[in-house]
file coords.txt (compact mmCIF, C-alpha atoms)
# COMPACT_ATOMS: atom_id res chain seq x y z
CA MET N 1 0.22 -17.96 19.98
CA SER N 2 1.27 -15.07 22.21
CA GLU N 3 0.33 -11.54 21.30
CA ALA N 4 3.02 -8.88 21.16
CA GLU N 5 2.53 -6.06 23.64
CA PRO N 6 2.90 -2.38 22.74
CA SER N 7 6.52 -1.43 23.47
CA TYR N 8 6.10 2.35 23.26
CA ALA N 9 4.07 4.94 25.15
CA VAL N 10 2.69 8.25 23.91
CA GLY N 11 5.51 10.81 23.89
CA ASP N 12 8.34 8.28 23.44
CA ARG N 13 11.01 9.35 20.95
CA VAL N 14 11.49 6.71 18.27
CA ARG N 15 13.63 6.16 15.21
CA ILE N 16 12.01 4.64 12.14
CA LEU N 17 14.14 1.76 10.91
CA ASP N 18 15.10 0.44 7.50
CA ILE N 19 14.78 -3.26 8.17
CA GLY N 20 15.66 -4.13 4.58
CA LYS N 21 12.62 -6.31 4.09
CA PRO N 22 11.73 -7.06 0.47
CA GLY N 23 8.16 -7.31 -0.80
CA HIS N 24 5.05 -5.53 0.45
CA VAL N 25 5.88 -3.14 3.30
CA ARG N 26 4.04 -0.06 4.59
CA THR N 27 7.01 2.10 5.62
CA PRO N 28 8.00 4.44 2.77
CA THR N 29 11.71 5.00 2.21
CA TYR N 30 11.57 8.79 2.74
CA ILE N 31 10.67 8.30 6.40
CA ARG N 32 13.29 5.66 7.26
CA HIS N 33 16.08 6.66 9.67
CA LYS N 34 14.02 9.69 10.79
CA VAL N 35 13.21 10.41 14.42
CA GLY N 36 9.76 11.28 15.73
CA THR N 37 7.42 10.99 18.69
CA ILE N 38 4.72 8.40 19.41
CA GLU N 39 1.46 10.34 19.01
CA ARG N 40 -0.88 7.43 19.79
CA PHE N 41 -1.16 3.68 19.93
CA CYS N 42 -3.55 2.72 17.12
CA GLY N 43 -4.22 -0.86 18.19
CA MET N 44 -3.19 -4.38 17.26
CA PHE N 45 -3.44 -5.32 13.59
CA GLU N 46 -2.84 -8.36 11.43
CA ASN N 47 0.52 -7.91 9.73
CA PRO N 48 -0.08 -6.54 6.19
CA GLU N 49 3.40 -7.72 5.16
CA ASP N 50 2.09 -11.28 5.54
CA LYS N 51 -1.50 -10.67 4.44
CA ALA N 52 -0.18 -9.41 1.09
CA TYR N 53 0.91 -12.99 0.34
CA GLY N 54 -2.23 -14.83 1.36
CA ARG N 55 -1.21 -15.50 4.96
CA TRP N 56 -3.29 -14.57 8.03
CA GLY N 57 -0.81 -12.06 9.44
CA LEU N 58 -1.12 -13.46 12.96
CA PRO N 59 -0.41 -12.78 15.76
CA PRO N 60 -1.58 -9.16 15.53
CA ILE N 61 1.18 -6.58 15.91
CA PRO N 62 1.15 -3.09 17.49
CA LEU N 63 0.65 -0.09 15.22
CA TYR N 64 1.51 3.48 16.24
CA ARG N 65 0.94 6.92 14.83
CA VAL N 66 4.30 8.68 14.79
CA GLN N 67 4.60 12.45 14.58
CA LEU N 68 7.65 13.96 12.87
CA LYS N 69 8.65 17.56 12.23
CA GLN N 70 8.62 18.33 8.51
CA ASP N 71 11.98 20.07 9.03
CA ASP N 72 13.43 16.78 10.23
CA ILE N 73 12.25 14.95 7.10
CA TRP N 74 12.99 17.42 4.31
CA PRO N 75 16.23 19.44 4.59
CA ASP N 76 14.84 22.18 2.32
CA TYR N 77 11.32 22.30 3.78
CA ASP N 78 9.92 25.81 3.30
CA GLY N 79 6.49 25.50 4.94
CA ALA N 80 5.47 26.84 8.35
CA PRO N 81 8.00 26.08 11.10
CA GLY N 82 5.59 24.05 13.24
CA ASP N 83 4.42 21.73 10.44
CA VAL N 84 4.41 18.05 11.25
CA LEU N 85 3.77 14.80 9.44
CA GLU N 86 1.90 11.93 11.09
CA ILE N 87 2.39 8.43 9.75
CA GLU N 88 1.30 5.01 10.98
CA ILE N 89 4.20 2.63 11.57
CA TYR N 90 4.26 -0.96 12.83
CA ASP N 91 6.24 -1.86 15.95
CA HIS N 92 8.99 -3.84 14.21
CA TRP N 93 9.95 -0.76 12.15
CA LEU N 94 10.69 1.28 15.29
CA ALA N 95 13.54 1.56 17.80
CA PRO N 96 14.05 3.88 20.76
CA ALA N 97 15.52 7.12 19.35
CA GLY N 98 18.70 6.75 21.38
CA GLU N 99 19.69 3.57 19.55
CA THR N 100 21.46 3.74 16.21
CA THR N 101 20.23 1.76 13.22
CA MET Y 102 19.15 -1.80 1.15
CA VAL Y 103 16.25 -3.26 -0.79
CA ASP Y 104 15.11 -1.62 -4.02
CA LYS Y 105 12.35 0.94 -3.55
CA LEU Y 106 8.86 -0.23 -4.42
CA THR Y 107 7.46 1.16 -7.66
CA THR Y 108 4.77 2.93 -5.66
CA ASP Y 109 7.20 4.42 -3.12
CA ILE Y 110 7.53 7.87 -4.69
CA GLY Y 111 7.28 10.17 -1.65
CA GLY Y 112 9.87 12.94 -1.95
CA ASP Y 113 10.75 12.17 -5.57
CA SER Y 114 10.75 15.09 -7.98
CA ALA Y 115 7.59 15.22 -10.06
CA GLY Y 116 5.75 17.57 -12.38
CA PRO Y 117 2.28 18.97 -11.81
CA VAL Y 118 -0.49 16.50 -11.02
CA PRO Y 119 -2.82 16.24 -14.03
CA GLN Y 120 -6.46 16.81 -13.07
CA GLU Y 121 -9.22 15.30 -15.14
CA ASP Y 122 -12.96 15.46 -14.62
CA ARG Y 123 -14.98 12.71 -16.21
CA ASP Y 124 -17.85 10.35 -15.49
CA GLN Y 125 -17.21 6.83 -14.27
CA LEU Y 126 -17.62 4.29 -17.09
CA PHE Y 127 -20.02 1.37 -16.72
CA TRP Y 128 -17.26 -1.26 -16.67
CA GLU Y 129 -15.46 0.69 -13.96
CA LYS Y 130 -18.53 0.59 -11.71
CA GLN Y 131 -19.05 -3.11 -12.40
CA MET Y 132 -15.42 -3.93 -11.76
CA ILE Y 133 -15.25 -2.01 -8.46
CA ALA Y 134 -18.47 -3.76 -7.36
CA ALA Y 135 -16.93 -7.15 -8.19
CA PHE Y 136 -13.74 -6.26 -6.33
CA ASN Y 137 -15.66 -5.12 -3.26
CA LEU Y 138 -17.72 -8.31 -3.27
CA LEU Y 139 -14.55 -10.43 -3.46
CA GLN Y 140 -13.22 -8.54 -0.43
CA VAL Y 141 -16.45 -8.96 1.56
CA LYS Y 142 -16.42 -12.69 0.78
CA GLY Y 143 -12.80 -12.93 1.92
CA VAL Y 144 -11.47 -14.05 -1.48
CA VAL Y 145 -9.01 -11.16 -1.77
CA VAL Y 146 -7.63 -8.68 0.77
CA THR Y 147 -6.45 -5.11 0.19
CA ASP Y 148 -2.83 -5.93 1.07
CA GLU Y 149 -2.72 -8.59 -1.65
CA PHE Y 150 -4.04 -6.14 -4.20
CA ARG Y 151 -1.44 -3.53 -3.19
CA ARG Y 152 1.26 -6.19 -3.60
CA THR Y 153 0.11 -6.96 -7.17
CA VAL Y 154 0.40 -3.27 -8.03
CA GLU Y 155 3.90 -3.11 -6.53
CA GLU Y 156 4.90 -6.09 -8.66
CA MET Y 157 3.94 -4.37 -11.92
CA PRO Y 158 6.90 -3.36 -14.11
CA ALA Y 159 7.77 0.32 -13.47
CA ASP Y 160 6.91 1.56 -16.98
CA TYR Y 161 3.64 -0.38 -16.98
CA TYR Y 162 2.73 1.16 -13.61
CA ALA Y 163 3.67 4.67 -14.80
CA ASN Y 164 1.26 4.38 -17.74
CA SER Y 165 -1.54 2.64 -15.87
CA THR Y 166 -4.81 4.05 -14.59
CA PHE Y 167 -6.63 3.66 -11.26
CA TYR Y 168 -9.26 1.31 -12.70
CA GLY Y 169 -6.77 -0.48 -14.95
CA ARG Y 170 -4.57 -1.34 -11.97
CA ARG Y 171 -7.57 -2.51 -9.97
CA LEU Y 172 -8.69 -4.77 -12.80
CA ASP Y 173 -5.20 -6.16 -13.47
CA GLY Y 174 -4.62 -6.85 -9.77
CA MET Y 175 -8.02 -8.49 -9.32
CA VAL Y 176 -7.54 -10.78 -12.33
CA ARG Y 177 -4.03 -11.67 -11.23
CA LEU Y 178 -5.20 -12.61 -7.73
CA LEU Y 179 -8.10 -14.69 -9.05
CA ILE Y 180 -5.71 -16.61 -11.33
CA GLU Y 181 -3.15 -16.95 -8.52
CA LYS Y 182 -5.80 -18.39 -6.20
CA GLY Y 183 -7.21 -20.75 -8.82
CA VAL Y 184 -10.65 -19.08 -8.87
CA ILE Y 185 -10.46 -18.59 -12.64
CA ASP Y 186 -7.88 -19.70 -15.17
CA ALA Y 187 -6.03 -17.45 -17.58
CA ASP Y 188 -7.46 -19.14 -20.70
CA THR Y 189 -11.04 -18.62 -19.57
CA ILE Y 190 -10.52 -14.92 -18.89
CA GLU Y 191 -8.70 -14.50 -22.21
CA ALA Y 192 -11.53 -16.17 -24.14
CA ARG Y 193 -14.23 -14.20 -22.32
CA THR Y 194 -12.36 -10.91 -22.87
CA ARG Y 195 -12.19 -11.62 -26.61
CA GLU Y 196 -15.90 -12.47 -26.67
CA ILE Y 197 -16.82 -9.20 -24.94
CA LEU Y 198 -14.56 -7.10 -27.17
CA GLU Y 199 -16.10 -8.64 -30.28
CA SER Y 200 -19.70 -8.18 -29.16
CA GLY Y 201 -19.21 -4.65 -27.79
CA THR Y 202 -20.06 -3.20 -24.38
CA ARG Y 203 -21.93 -0.19 -23.03
CA ASP Y 204 -18.59 1.61 -22.99
CA HIS Y 205 -17.02 0.31 -26.19
CA VAL Y 206 -19.36 -0.34 -29.11
call {"tool": "encode", "arguments": {"input": "coords.txt", "output": "structure tokens"}}
result
Amino acid sequence: MSEAEPSYAVGDRVRILDIGKPGHVRTPTYIRHKVGTIERFCGMFENPEDKAYGRWGLPPIPLYRVQLKQDDIWPDYDGAPGDVLEIEIYDHWLAPAGETT
Amino acid sequence: MVDKLTTDIGGDSAGPVPQEDRDQLFWEKQMIAAFNLLQVKGVVVTDEFRRTVEEMPADYYANSTFYGRRLDGMVRLLIEKGVIDADTIEARTREILESGTRDHV
């Protein structure tokens, strides 16, 4: 079983996808289609989308912390201009920001 | 587009968050201890528990409590995995309710 390699580096611009997967997923809908920046690589983790159904979730998959500007998420955001949100997203929910979903 | 999960409420309009201060009940402590032990022993994993909560009907979820969800999910997983059967838990629940507990006399 080959392990997936991290596809993104810190600072890469990424788009969070809506992969239309039913069942247990860890990517909330409010963040889908939004663009952010890779803040860090968190490590390789067993896939929770499989573990939720009694499977092992192997091979481990890359997890990243993605930083997004609050202004980019909420059109009517009225907090401080520099506010950001950081959220942990698995590799298969990300695409390079240049690519459309 | 798949339907949103029941728990996926980020960005939805909502009223104020009710705040309540109260002591933990005895059954709540016992139940959390049992759940933690099942996790340590590898019988259940957190992701499975989260999935059981997401599978609850929306109105049931809306009226549920933290400990109630934990108990429901734990029981459901134990039945699903064949660790206990539904009849046994039903009978034992009745027995406990009839005899009273530290929390409910």
call {"tool": "interface_residues", "arguments": {"input": "coords.txt", "of": "chain N", "to": "chain Y", "cutoff": "8 Å", "atoms": "all atoms listed in the file", "output": "PyMOL selection string"}}
result
chain N and resi 18+20-24+28-30+48-49+51-54
call {"tool": "write_last_selection", "arguments": {"input": "coords.txt", "atoms": "C-alpha atoms", "output": "mmCIF file, keeping the file's coordinate frame"}}
result
data_model
loop_
_atom_site.group_PDB
_atom_site.id
_atom_site.type_symbol
_atom_site.label_atom_id
_atom_site.label_comp_id
_atom_site.auth_asym_id
_atom_site.auth_seq_id
_atom_site.Cartn_x
_atom_site.Cartn_y
_atom_site.Cartn_z
ATOM 1 C CA ASP N 18 15.100 0.440 7.500
ATOM 2 C CA GLY N 20 15.660 -4.130 4.580
ATOM 3 C CA LYS N 21 12.620 -6.310 4.090
ATOM 4 C CA PRO N 22 11.730 -7.060 0.470
ATOM 5 C CA GLY N 23 8.160 -7.310 -0.800
ATOM 6 C CA HIS N 24 5.050 -5.530 0.450
ATOM 7 C CA PRO N 28 8.000 4.440 2.770
ATOM 8 C CA THR N 29 11.710 5.000 2.210
ATOM 9 C CA TYR N 30 11.570 8.790 2.740
ATOM 10 C CA PRO N 48 -0.080 -6.540 6.190
ATOM 11 C CA GLU N 49 3.400 -7.720 5.160
ATOM 12 C CA LYS N 51 -1.500 -10.670 4.440
ATOM 13 C CA ALA N 52 -0.180 -9.410 1.090
ATOM 14 C CA TYR N 53 0.910 -12.990 0.340
ATOM 15 C CA GLY N 54 -2.230 -14.830 1.360
#
call {"tool": "atom_distance", "arguments": {"input": "coords.txt", "atom1": "CA of Tyr162 in chain Y", "atom2": "CA of Gly174 in chain Y"}}
result
11.5 Å
call {"tool": "atom_distance", "arguments": {"input": "coords.txt", "atom1": "CA of Arg32 in chain N", "atom2": "CA of Tyr90 in chain N"}}
result
12.5 Å
call {"tool": "atom_distance", "arguments": {"input": "coords.txt", "atom1": "CA of Thr107 in chain Y", "atom2": "CA of Asn164 in chain Y"}}
result
12.3 Å
call {"tool": "closest_residue", "arguments": {"input": "coords.txt", "among": "Y:Arg123, Y:Arg177, Y:Arg171, Y:Arg203", "to": "Ile190 in chain Y", "atoms": "only C-alpha atoms"}}
result
Y:Arg177
call {"tool": "residues_around", "arguments": {"input": "coords.txt", "residues": "Gly169 in chain Y", "least_positions_apart": "6", "cutoff": "10 Å", "atoms": "only C-alpha atoms", "output": "tab-separated table (two decimals) with C-alpha atoms, in the coordinates of the input"}}
result
chain	number	residue	atom	x	y	z
Y	129	GLU	CA	-15.46	0.69	-13.96
Y	132	MET	CA	-15.42	-3.93	-11.76
Y	162	TYR	CA	2.73	1.16	-13.61
Y	175	MET	CA	-8.02	-8.49	-9.32
call {"tool": "residues_around", "arguments": {"input": "coords.txt", "residues": "range 60-75 of chain N", "least_positions_apart": "3", "cutoff": "10 Å", "atoms": "all atoms listed in the file", "output": "PyMOL selection string"}}
result
(chain N and resi 2-16+30-48+56-57+78-94) or (chain Y and resi 112)
call {"tool": "build_atoms", "arguments": {"input": "coords.txt", "residues": "range 64-82 of chain N", "atoms": "N, CA and C atoms", "output": "PDB file, in the frame of the given file"}}
result
ATOM      1  N   TYR N  64       1.465   2.157  15.596  1.00  0.00           N
ATOM      2  CA  TYR N  64       1.510   3.480  16.240  1.00  0.00           C
ATOM      3  C   TYR N  64       1.384   4.579  15.206  1.00  0.00           C
ATOM      4  N   ARG N  65       0.846   5.721  15.656  1.00  0.00           N
ATOM      5  CA  ARG N  65       0.940   6.920  14.830  1.00  0.00           C
ATOM      6  C   ARG N  65       2.136   7.720  15.331  1.00  0.00           C
ATOM      7  N   VAL N  66       3.073   7.982  14.426  1.00  0.00           N
ATOM      8  CA  VAL N  66       4.300   8.680  14.790  1.00  0.00           C
ATOM      9  C   VAL N  66       4.260  10.082  14.195  1.00  0.00           C
ATOM     10  N   GLN N  67       4.596  11.059  15.045  1.00  0.00           N
ATOM     11  CA  GLN N  67       4.600  12.450  14.580  1.00  0.00           C
ATOM     12  C   GLN N  67       6.050  12.904  14.371  1.00  0.00           C
ATOM     13  N   LEU N  68       6.309  13.466  13.187  1.00  0.00           N
ATOM     14  CA  LEU N  68       7.650  13.960  12.870  1.00  0.00           C
ATOM     15  C   LEU N  68       7.567  15.404  12.413  1.00  0.00           C
ATOM     16  N   LYS N  69       8.601  16.188  12.722  1.00  0.00           N
ATOM     17  CA  LYS N  69       8.650  17.560  12.230  1.00  0.00           C
ATOM     18  C   LYS N  69       9.028  17.524  10.756  1.00  0.00           C
ATOM     19  N   GLN N  70       8.310  18.300   9.949  1.00  0.00           N
ATOM     20  CA  GLN N  70       8.620  18.330   8.510  1.00  0.00           C
ATOM     21  C   GLN N  70      10.084  18.728   8.278  1.00  0.00           C
ATOM     22  N   ASP N  71      10.580  19.642   9.137  1.00  0.00           N
ATOM     23  CA  ASP N  71      11.980  20.070   9.030  1.00  0.00           C
ATOM     24  C   ASP N  71      12.967  18.924   9.192  1.00  0.00           C
ATOM     25  N   ASP N  72      12.551  17.929   9.988  1.00  0.00           N
ATOM     26  CA  ASP N  72      13.430  16.780  10.230  1.00  0.00           C
ATOM     27  C   ASP N  72      13.406  15.793   9.065  1.00  0.00           C
ATOM     28  N   ILE N  73      12.385  15.905   8.210  1.00  0.00           N
ATOM     29  CA  ILE N  73      12.250  14.950   7.100  1.00  0.00           C
ATOM     30  C   ILE N  73      12.868  15.524   5.821  1.00  0.00           C
ATOM     31  N   TRP N  74      12.544  16.779   5.551  1.00  0.00           N
ATOM     32  CA  TRP N  74      12.990  17.420   4.310  1.00  0.00           C
ATOM     33  C   TRP N  74      13.963  18.553   4.637  1.00  0.00           C
ATOM     34  N   PRO N  75      15.220  18.425   4.252  1.00  0.00           N
ATOM     35  CA  PRO N  75      16.230  19.440   4.590  1.00  0.00           C
ATOM     36  C   PRO N  75      15.851  20.832   4.065  1.00  0.00           C
ATOM     37  N   ASP N  76      15.152  20.883   2.922  1.00  0.00           N
ATOM     38  CA  ASP N  76      14.840  22.180   2.320  1.00  0.00           C
ATOM     39  C   ASP N  76      13.365  22.542   2.495  1.00  0.00           C
ATOM     40  N   TYR N  77      12.749  22.026   3.560  1.00  0.00           N
ATOM     41  CA  TYR N  77      11.320  22.300   3.780  1.00  0.00           C
ATOM     42  C   TYR N  77      11.088  23.793   3.971  1.00  0.00           C
ATOM     43  N   ASP N  78      10.128  24.364   3.200  1.00  0.00           N
ATOM     44  CA  ASP N  78       9.920  25.810   3.300  1.00  0.00           C
ATOM     45  C   ASP N  78       8.506  26.170   3.762  1.00  0.00           C
ATOM     46  N   GLY N  79       7.815  25.226   4.392  1.00  0.00           N
ATOM     47  CA  GLY N  79       6.490  25.500   4.940  1.00  0.00           C
ATOM     48  C   GLY N  79       6.599  26.160   6.305  1.00  0.00           C
ATOM     49  N   ALA N  80       5.470  26.228   7.016  1.00  0.00           N
ATOM     50  CA  ALA N  80       5.470  26.840   8.350  1.00  0.00           C
ATOM     51  C   ALA N  80       6.358  26.038   9.295  1.00  0.00           C
ATOM     52  N   PRO N  81       7.019  26.729  10.222  1.00  0.00           N
ATOM     53  CA  PRO N  81       8.000  26.080  11.100  1.00  0.00           C
ATOM     54  C   PRO N  81       7.421  24.944  11.954  1.00  0.00           C
ATOM     55  N   GLY N  82       6.164  25.068  12.351  1.00  0.00           N
ATOM     56  CA  GLY N  82       5.590  24.050  13.240  1.00  0.00           C
ATOM     57  C   GLY N  82       4.987  22.853  12.517  1.00  0.00           C
TER      58      GLY N  82
END
